[in-house]
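Novice: The following file, input00.cif, comprises mmCIF, C-alpha atoms:
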data_entry
#
loop_
_atom_site.label_atom_id
_atom_site.label_comp_id
_atom_site.auth_asym_id
_atom_site.auth_seq_id
_atom_site.Cartn_x
_atom_site.Cartn_y
_atom_site.Cartn_z
CA MET A 934 -59.72 -18.63 -11.49
CA LEU A 935 -60.76 -17.52 -8.16
CA LEU A 936 -61.82 -14.12 -7.39
CA CYS A 937 -63.70 -12.11 -9.86
CA GLN A 938 -67.13 -10.79 -10.30
CA VAL A 939 -70.10 -9.36 -8.72
CA LEU A 940 -71.10 -7.71 -5.63
CA LEU A 941 -70.51 -4.18 -4.99
CA LEU A 942 -67.58 -5.33 -2.92
CA PHE A 943 -66.37 -8.03 -5.12
CA THR A 944 -66.67 -10.59 -2.37
CA PHE A 945 -65.66 -13.82 -4.08
CA HIS A 946 -68.76 -15.45 -3.03
CA THR A 947 -72.10 -16.87 -3.90
CA VAL A 948 -73.62 -19.07 -6.53
CA THR A 949 -77.35 -19.23 -7.15
CA ALA A 950 -78.97 -21.75 -9.49
CA LEU A 951 -79.56 -25.45 -9.97
CA PRO A 952 -77.29 -27.50 -7.73
CA THR A 953 -75.72 -29.24 -10.73
CA SER A 954 -75.36 -26.12 -12.90
CA PRO A 955 -75.19 -23.09 -10.61
CA ILE A 956 -75.23 -19.56 -11.98
CA LEU A 957 -72.99 -17.17 -10.12
CA HIS A 958 -74.41 -13.94 -8.87
CA ARG A 959 -72.02 -12.91 -6.11
CA SER A 960 -68.95 -15.09 -6.24
CA ARG A 961 -65.31 -15.25 -7.10
CA ARG A 962 -63.35 -17.81 -9.05
CA ILE A 963 -59.92 -18.85 -10.33
CA VAL A 964 -58.57 -17.15 -13.44
CA GLY A 965 -55.64 -18.65 -15.30
CA GLY A 966 -55.53 -21.83 -13.24
CA ASP A 967 -55.30 -25.48 -14.16
CA PRO A 968 -57.69 -28.41 -13.59
CA ALA A 969 -56.70 -30.41 -10.54
CA PHE A 970 -57.71 -33.43 -8.47
CA ILE A 971 -58.88 -33.33 -4.86
CA THR A 972 -56.00 -35.69 -3.99
CA GLN A 973 -53.70 -32.70 -4.58
CA VAL A 974 -55.63 -30.52 -2.12
CA PRO A 975 -57.47 -32.93 0.24
CA TYR A 976 -58.33 -30.12 2.67
CA LEU A 977 -60.51 -28.29 0.11
CA VAL A 978 -64.30 -28.41 0.59
CA ASN A 979 -67.23 -26.86 -1.21
CA ILE A 980 -70.01 -25.18 0.75
CA ARG A 981 -73.59 -25.15 -0.47
CA LYS A 982 -76.26 -22.80 0.78
CA ASN A 983 -79.86 -23.93 0.39
CA GLY A 984 -78.67 -26.55 -2.09
CA TYR A 985 -76.58 -24.23 -4.30
CA PHE A 986 -72.81 -23.92 -4.51
CA HIS A 987 -71.88 -20.89 -2.45
CA CYS A 988 -68.25 -20.75 -1.26
CA GLY A 989 -65.05 -22.69 -0.78
CA GLY A 990 -63.51 -23.67 2.52
CA SER A 991 -60.64 -25.49 4.21
CA LEU A 992 -60.94 -28.44 6.56
CA ILE A 993 -58.85 -27.53 9.63
CA SER A 994 -60.00 -30.50 11.72
CA SER A 995 -62.27 -33.46 11.04
CA ARG A 996 -65.10 -31.41 12.55
CA CYS A 997 -64.39 -27.80 11.49
CA VAL A 998 -64.11 -25.80 8.27
CA LEU A 999 -62.50 -22.38 7.87
CA THR A 1000 -64.15 -20.07 5.33
CA ALA A 1001 -64.98 -16.36 4.83
CA ALA A 1002 -67.32 -14.56 7.23
CA HIS A 1003 -69.22 -13.02 4.32
CA CYS A 1004 -70.14 -16.57 3.25
CA VAL A 1005 -72.29 -17.05 6.37
CA ARG A 1006 -73.67 -13.53 6.68
CA ASN A 1007 -77.47 -13.36 7.06
CA ALA A 1008 -77.69 -17.15 7.29
CA VAL A 1009 -78.29 -19.91 9.85
CA PRO A 1010 -76.41 -23.23 10.19
CA ASN A 1011 -79.24 -25.26 8.67
CA ASP A 1012 -78.79 -23.34 5.40
CA PHE A 1013 -75.47 -25.07 4.71
CA ILE A 1014 -74.10 -28.40 3.53
CA VAL A 1015 -70.37 -29.10 3.25
CA ARG A 1016 -68.82 -31.64 0.87
CA GLY A 1017 -65.22 -32.83 0.95
CA GLY A 1018 -63.10 -35.34 -0.92
CA VAL A 1019 -64.63 -34.43 -4.30
CA THR A 1020 -62.98 -33.13 -7.47
CA LEU A 1021 -66.20 -32.42 -9.35
CA LEU A 1022 -68.75 -29.90 -8.16
CA ASN A 1023 -71.64 -32.21 -9.01
CA ASP A 1024 -70.26 -35.10 -6.93
CA VAL A 1025 -72.74 -35.93 -4.16
CA GLU A 1026 -70.42 -37.83 -1.83
CA ASN A 1027 -69.37 -36.93 1.72
CA LYS A 1028 -72.23 -34.61 2.64
CA ARG A 1029 -72.08 -33.06 6.10
CA PHE A 1030 -74.53 -30.71 7.81
CA VAL A 1031 -73.42 -27.65 9.76
CA GLU A 1032 -74.17 -27.57 13.48
CA ARG A 1033 -73.09 -24.00 14.19
CA PHE A 1034 -70.68 -21.36 12.98
CA PHE A 1035 -68.43 -18.79 14.62
CA VAL A 1036 -67.66 -15.27 13.36
CA PRO A 1037 -65.20 -12.91 15.10
CA ALA A 1038 -66.71 -9.85 16.73
CA GLU A 1039 -64.35 -7.67 14.67
CA TYR A 1040 -65.82 -8.76 11.35
CA ASN A 1041 -67.12 -5.82 9.32
CA ASN A 1042 -69.21 -6.52 6.21
CA ILE A 1043 -68.31 -3.16 4.68
CA THR A 1044 -64.55 -3.04 5.25
CA PHE A 1045 -64.14 -6.86 5.20
CA GLU A 1046 -61.91 -6.64 8.23
CA HIS A 1047 -61.63 -10.09 9.89
CA ASP A 1048 -63.48 -11.77 7.02
CA PHE A 1049 -63.24 -15.35 8.27
CA SER A 1050 -65.45 -17.82 10.09
CA ILE A 1051 -65.42 -21.41 11.33
CA LEU A 1052 -68.17 -23.92 10.61
CA ARG A 1053 -68.59 -26.80 13.07
CA LEU A 1054 -70.01 -29.88 11.36
CA LYS A 1055 -72.59 -32.15 12.96
CA THR A 1056 -70.44 -35.19 12.20
CA LYS A 1057 -66.78 -35.64 11.34
CA LEU A 1058 -65.73 -35.29 7.71
CA GLN A 1059 -63.43 -38.23 7.05
CA GLY A 1060 -62.71 -40.56 4.17
CA ALA A 1061 -60.61 -41.04 1.05
CA SER A 1062 -58.94 -37.87 -0.25
CA ILE A 1063 -59.99 -35.92 2.87
CA LYS A 1064 -57.31 -34.49 5.15
CA PRO A 1065 -57.30 -31.39 7.40
CA ILE A 1066 -54.60 -28.78 6.84
CA LEU A 1067 -52.50 -27.08 9.52
CA LEU A 1068 -52.32 -23.31 9.89
CA GLY A 1069 -49.02 -21.68 9.01
CA ASP A 1070 -46.60 -20.50 11.67
CA ALA A 1071 -45.59 -17.40 9.72
CA PRO A 1072 -47.27 -15.01 7.27
CA PRO A 1073 -46.58 -15.18 3.53
CA LEU A 1074 -43.84 -12.78 2.45
CA PRO A 1075 -43.68 -10.58 -0.65
CA GLY A 1076 -42.57 -12.72 -3.57
CA ASP A 1077 -43.87 -15.97 -2.08
CA PHE A 1078 -46.19 -18.03 -4.27
CA ILE A 1079 -49.38 -19.25 -2.66
CA GLN A 1080 -51.63 -22.00 -4.03
CA VAL A 1081 -55.32 -21.15 -4.35
CA SER A 1082 -57.92 -23.78 -5.27
CA GLY A 1083 -61.65 -23.89 -5.83
CA TRP A 1084 -64.59 -24.00 -8.22
CA GLY A 1085 -64.83 -20.26 -8.88
CA LEU A 1086 -65.39 -18.70 -12.31
CA THR A 1087 -62.52 -18.95 -14.75
CA HIS A 1088 -62.97 -15.45 -16.15
CA GLU A 1089 -64.84 -12.40 -14.91
CA ASN A 1090 -67.62 -12.59 -17.51
CA ALA A 1091 -68.36 -16.28 -16.97
CA VAL A 1092 -71.82 -17.33 -15.79
CA PHE A 1093 -71.28 -20.98 -14.87
CA PRO A 1094 -68.53 -22.24 -12.56
CA PRO A 1095 -66.38 -25.14 -13.78
CA ASN A 1096 -67.46 -28.59 -12.66
CA ARG A 1097 -63.80 -29.56 -12.26
CA MET A 1098 -61.86 -28.05 -9.41
CA GLN A 1099 -59.09 -25.62 -10.43
CA THR A 1100 -55.84 -24.59 -8.78
CA VAL A 1101 -53.41 -21.72 -9.38
CA TYR A 1102 -50.19 -20.27 -7.95
CA LEU A 1103 -50.18 -16.54 -7.19
CA ARG A 1104 -47.42 -14.15 -6.12
CA VAL A 1105 -47.77 -12.22 -2.86
CA PHE A 1106 -47.40 -8.42 -3.21
CA GLU A 1107 -45.58 -5.92 -1.05
CA GLN A 1108 -48.12 -4.54 1.44
CA GLU A 1109 -47.62 -0.93 0.36
CA GLU A 1110 -48.16 -1.89 -3.27
CA CYS A 1111 -51.35 -3.70 -2.31
CA LYS A 1112 -52.60 -0.64 -0.42
CA ALA A 1113 -51.82 1.61 -3.39
CA PHE A 1114 -53.94 -0.52 -5.75
CA TYR A 1115 -56.99 -0.06 -3.53
CA GLU A 1116 -56.32 3.42 -2.13
CA ALA A 1117 -59.54 4.91 -3.54
CA TYR A 1118 -61.58 1.74 -3.13
CA ARG A 1119 -61.13 0.13 0.27
CA ASN A 1120 -58.59 0.07 3.08
CA VAL A 1121 -56.13 -2.83 3.03
CA THR A 1122 -55.23 -3.53 6.67
CA GLU A 1123 -52.51 -5.56 8.36
CA THR A 1124 -54.90 -8.54 8.55
CA MET A 1125 -54.99 -8.70 4.72
CA PHE A 1126 -52.57 -9.36 1.87
CA CYS A 1127 -52.75 -9.25 -1.94
CA ALA A 1128 -51.71 -11.90 -4.45
CA SER A 1129 -51.99 -12.51 -8.20
CA VAL A 1130 -49.95 -12.90 -11.35
CA PRO A 1131 -50.81 -9.45 -12.75
CA GLY A 1132 -52.99 -9.60 -15.83
CA GLU A 1133 -52.82 -13.41 -15.99
CA LYS A 1134 -53.83 -15.31 -12.85
CA ASP A 1135 -56.14 -14.45 -9.98
CA ALA A 1136 -58.95 -15.60 -7.73
CA CYS A 1137 -62.50 -14.75 -8.74
CA LEU A 1138 -66.20 -15.17 -7.97
CA ALA A 1139 -67.21 -18.27 -6.03
CA ASP A 1140 -63.68 -18.73 -4.72
CA SER A 1141 -64.65 -16.84 -1.57
CA GLY A 1142 -63.67 -18.61 1.60
CA GLY A 1143 -61.25 -20.88 -0.21
CA PRO A 1144 -57.69 -21.70 0.88
CA ALA A 1145 -54.45 -19.87 0.23
CA VAL A 1146 -51.64 -22.33 0.95
CA LEU A 1147 -47.88 -21.79 1.25
CA GLY A 1148 -45.93 -25.04 1.16
CA ASP A 1149 -48.21 -27.37 3.08
CA ARG A 1150 -49.71 -24.81 5.47
CA LEU A 1151 -52.83 -22.65 5.31
CA VAL A 1152 -51.89 -18.96 5.36
CA GLY A 1153 -54.92 -17.16 3.91
CA VAL A 1154 -58.62 -17.14 3.05
CA VAL A 1155 -60.00 -15.76 -0.23
CA SER A 1156 -61.83 -12.57 0.78
CA TRP A 1157 -62.42 -9.74 -1.70
CA GLY A 1158 -61.34 -7.80 -4.78
CA LYS A 1159 -62.49 -4.98 -7.02
CA LYS A 1160 -66.03 -5.16 -8.38
CA ASN A 1161 -66.35 -6.96 -11.74
CA GLU A 1162 -62.60 -7.43 -12.11
CA CYS A 1163 -60.65 -10.70 -12.02
CA GLY A 1164 -57.14 -11.14 -13.32
CA HIS A 1165 -56.62 -7.41 -13.94
CA ALA A 1166 -53.08 -6.15 -13.37
CA ASP A 1167 -54.23 -3.35 -11.06
CA SER A 1168 -56.71 -5.29 -8.90
CA PRO A 1169 -55.14 -8.38 -7.29
CA GLY A 1170 -57.19 -10.58 -5.02
CA VAL A 1171 -57.20 -9.77 -1.31
CA TYR A 1172 -56.87 -12.48 1.34
CA VAL A 1173 -57.22 -12.75 5.10
CA ASN A 1174 -53.74 -12.97 6.64
CA LEU A 1175 -54.34 -15.86 9.02
CA ASN A 1176 -51.11 -15.28 10.92
CA LYS A 1177 -52.59 -12.01 12.22
CA VAL A 1178 -55.78 -13.65 13.51
CA LYS A 1179 -54.48 -17.09 14.45
CA ASN A 1180 -55.14 -16.79 18.20
CA TRP A 1181 -58.92 -16.47 17.70
CA ILE A 1182 -58.94 -19.41 15.30
CA MET A 1183 -56.92 -21.62 17.65
CA ASP A 1184 -59.21 -20.78 20.58
CA ILE A 1185 -62.26 -21.98 18.60
CA LEU A 1186 -60.36 -24.96 17.25
CA TYR A 1187 -59.32 -26.21 20.68
CA THR A 1188 -62.71 -25.54 22.28
CA TYR A 1189 -65.14 -26.75 19.63
CA CYS A 1190 -63.27 -28.76 17.00
#
Mind turning this structure into structure tokens?
Specialist:
Amino acid sequence: MLLCQVLLLFTFHTVTALPTSPILHRSRRIVGGDPAFITQVPYLVNIRKNGYFHCGGSLISSRCVLTAAHCVRNAVPNDFIVRGGVTLLNDVENKRFVERFFVPAEYNNITFEHDFSILRLKTKLQGASIKPILLGDAPPLPGDFIQVSGWGLTHENAVFPPNRMQTVYLRVFEQEECKAFYEAYRNVTETMFCASVPGEKDACLADSGGPAVLGDRLVGVVSWGKKNECGHADSPGVYVNLNKVKNWIMDILYTYC
């Protein structure tokens, strides 16, 4: 459901089309997930760029959203609108404009190292079914099941994202196994981890930037996968390991959020 298609780098990322019926060109989505309600994941937001659904994100304070750095690459704050507290992609409630965004200096748009960013909203995002999520105190361990949610494509050949938000539970891989899957494709570093249910459940296009949650804490951000593959047994989705980059996030959170 989350991670699947496009881009040369398979960045789960962008949707381009009519705001109410976007066509995905460079996004990831959830494969093998189930329809869900925003009340189950009140921290989830959708991010629109120039009016079109673009990426997912997580509300980490009433003023700030955590998403993927590749979601804001080659853009300016005025390009974005954030919506929270909505189950359906075409809901028009709770619109917030972006005042500025922060990207770590270590971010690399080729290796996807440090692929995360923070959007500061012009006004607080508050209301029914809206609640920030706390960052985890420990990284996910092999065998843990993380919850991933978003509006990404539901299979790798899909064109339109689902209007209804989806959620899925994915198993975290051993780090060496994750590295082996991508040995000839891209380096998996200590700031990343892999998760899927091989051949059945995965993240895909348009899920980029969305949350990976363990228990009730945010532990990852949907980042990348193999080009044109979602749900394949040998190409699990790759996530930012927030425990490895938490200090930078907390510095921004305390200073600006």
Novice: Written as JSON, numbers by chain, what is the full residue list that the PyMOL selection byres ((chain A and resi 1023) around 7) yields on the file shown?
Specialist: {"A": [953, 1021, 1022, 1024, 1025, 1096]}
Novice: Quick one: pull the distance between CA of Phe1049 (chain A) and CA of Val1173 (chain A), Å, one decimal.
Specialist: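 So the answer is 7.3 Å.
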Novice: What's the separation between CA of Ser994 (chain A) and CA of Thr1044 (chain A), in Å to one decimal place?
Specialist: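 Here the two named atoms are 28.6 Å from each other.
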Novice: Could you tell me which residues the PyMOL selection byres ((chain A and resi 1115) around 12) returns for this structure, as an mmCIF file with C-alpha atoms, keeping the file's coordinate frame?
Specialist:
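Now in part.cif:
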data_model
loop_
_atom_site.group_PDB
_atom_site.id
_atom_site.type_symbol
_atom_site.label_atom_id
_atom_site.label_comp_id
_atom_site.auth_asym_id
_atom_site.auth_seq_id
_atom_site.Cartn_x
_atom_site.Cartn_y
_atom_site.Cartn_z
ATOM 1 C CA LEU A 942 -67.580 -5.330 -2.920
ATOM 2 C CA THR A 1044 -64.550 -3.040 5.250
ATOM 3 C CA GLN A 1108 -48.120 -4.540 1.440
ATOM 4 C CA GLU A 1109 -47.620 -0.930 0.360
ATOM 5 C CA GLU A 1110 -48.160 -1.890 -3.270
ATOM 6 C CA CYS A 1111 -51.350 -3.700 -2.310
ATOM 7 C CA LYS A 1112 -52.600 -0.640 -0.420
ATOM 8 C CA ALA A 1113 -51.820 1.610 -3.390
ATOM 9 C CA PHE A 1114 -53.940 -0.520 -5.750
ATOM 10 C CA GLU A 1116 -56.320 3.420 -2.130
ATOM 11 C CA ALA A 1117 -59.540 4.910 -3.540
ATOM 12 C CA TYR A 1118 -61.580 1.740 -3.130
ATOM 13 C CA ARG A 1119 -61.130 0.130 0.270
ATOM 14 C CA ASN A 1120 -58.590 0.070 3.080
ATOM 15 C CA VAL A 1121 -56.130 -2.830 3.030
ATOM 16 C CA THR A 1122 -55.230 -3.530 6.670
ATOM 17 C CA PHE A 1126 -52.570 -9.360 1.870
ATOM 18 C CA CYS A 1127 -52.750 -9.250 -1.940
ATOM 19 C CA TRP A 1157 -62.420 -9.740 -1.700
ATOM 20 C CA GLY A 1158 -61.340 -7.800 -4.780
ATOM 21 C CA LYS A 1159 -62.490 -4.980 -7.020
ATOM 22 C CA LYS A 1160 -66.030 -5.160 -8.380
ATOM 23 C CA ASP A 1167 -54.230 -3.350 -11.060
ATOM 24 C CA SER A 1168 -56.710 -5.290 -8.900
ATOM 25 C CA PRO A 1169 -55.140 -8.380 -7.290
ATOM 26 C CA GLY A 1170 -57.190 -10.580 -5.020
ATOM 27 C CA VAL A 1171 -57.200 -9.770 -1.310
#
Novice: May I ask which of the residues A:Arg1053, A:His1047, A:Arg1097, A:Arg1006 is the closest one to Phe1034 (chain A), counting all atoms listed in the file?
Specialist: A:Arg1053
Novice: For the structure provided, state which residues fall under the PyMOL selection byres ((chain A and resi 1071-1074) around 12), and present them as an MDAnalysis selection string.
Specialist: chainID A and resid 1067:1070 1075:1080 1103:1108 1123:1128 1145:1148 1150:1153 1172:1179
Novice: May I ask for the distance between CA of Asn1027 (chain A) and CA of Leu1058 (chain A), given in Å to one decimal place?
Specialist: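 If I compute the distance from CA of Asn1027 (chain A) to CA of Leu1058 (chain A), I get 7.2 Å.
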Novice: Which is closer to Gln1059 (chain A) than all the others in A:Val1155, A:Ile1185, A:Ala1001, A:Leu992, using only C-alpha atoms?
Specialist: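 Looking at the shortest contact to Gln1059 (chain A), the residue is A:Leu992.
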Novice: Using all atoms listed in the file, which of the listed residues (A:Thr1020, A:Ser1129, A:Asn1007, A:Ser1156) sits closest to Met1098 (chain A)?
Specialist: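 Checking each of A:Thr1020, A:Ser1129, A:Asn1007, A:Ser1156 against Met1098 (chain A), counting all atoms listed in the file, the winner is A:Thr1020.
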Novice: Neighbouring residues of Gln1099 (chain A) were defined as those with any atom within 6 Å, considering only C-alpha atoms; residues of the same chain fewer than 6 positions away were excluded. Please report them as a ChimeraX atom specification.
Specialist: /A:966-969,1082-1083
Novice: For Val1031 (chain A), list every protein, DNA or RNA residue within 6 Å, evaluated using only C-alpha atoms, and leave out those in the same chain fewer than 6 positions away; present the list as a PyMOL selection string.
Specialist: chain A and resi 1010+1053-1055
Novice: Just checking: using only C-alpha atoms, which residue out of A:Phe986, A:Ile1063, A:Ser995, A:Glu1032 ends up closest to Pro1095 (chain A)?
Specialist: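 Checking each of A:Phe986, A:Ile1063, A:Ser995, A:Glu1032 against Pro1095 (chain A), counting only C-alpha atoms, the winner is A:Phe986.
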Novice: Neighbourhood query: residues within 9 Å of (-67.8, -16.0, 13.4), file coordinates, counting all atoms listed in the file; return as a ChimeraX atom specification.
Specialist: /A:1002,1005,1034-1038,1040,1048-1052
Novice: So which residues are close to (-54.8, -29.4, 7.3), meaning at most 6 Å away in the file's coordinates with all atoms listed in the file counted, and can you show them as a list in words?
Specialist: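 Here is the list of nearby residues: Tyr976, Ile993, Pro1065, Ile1066 and Leu1067 of chain A.
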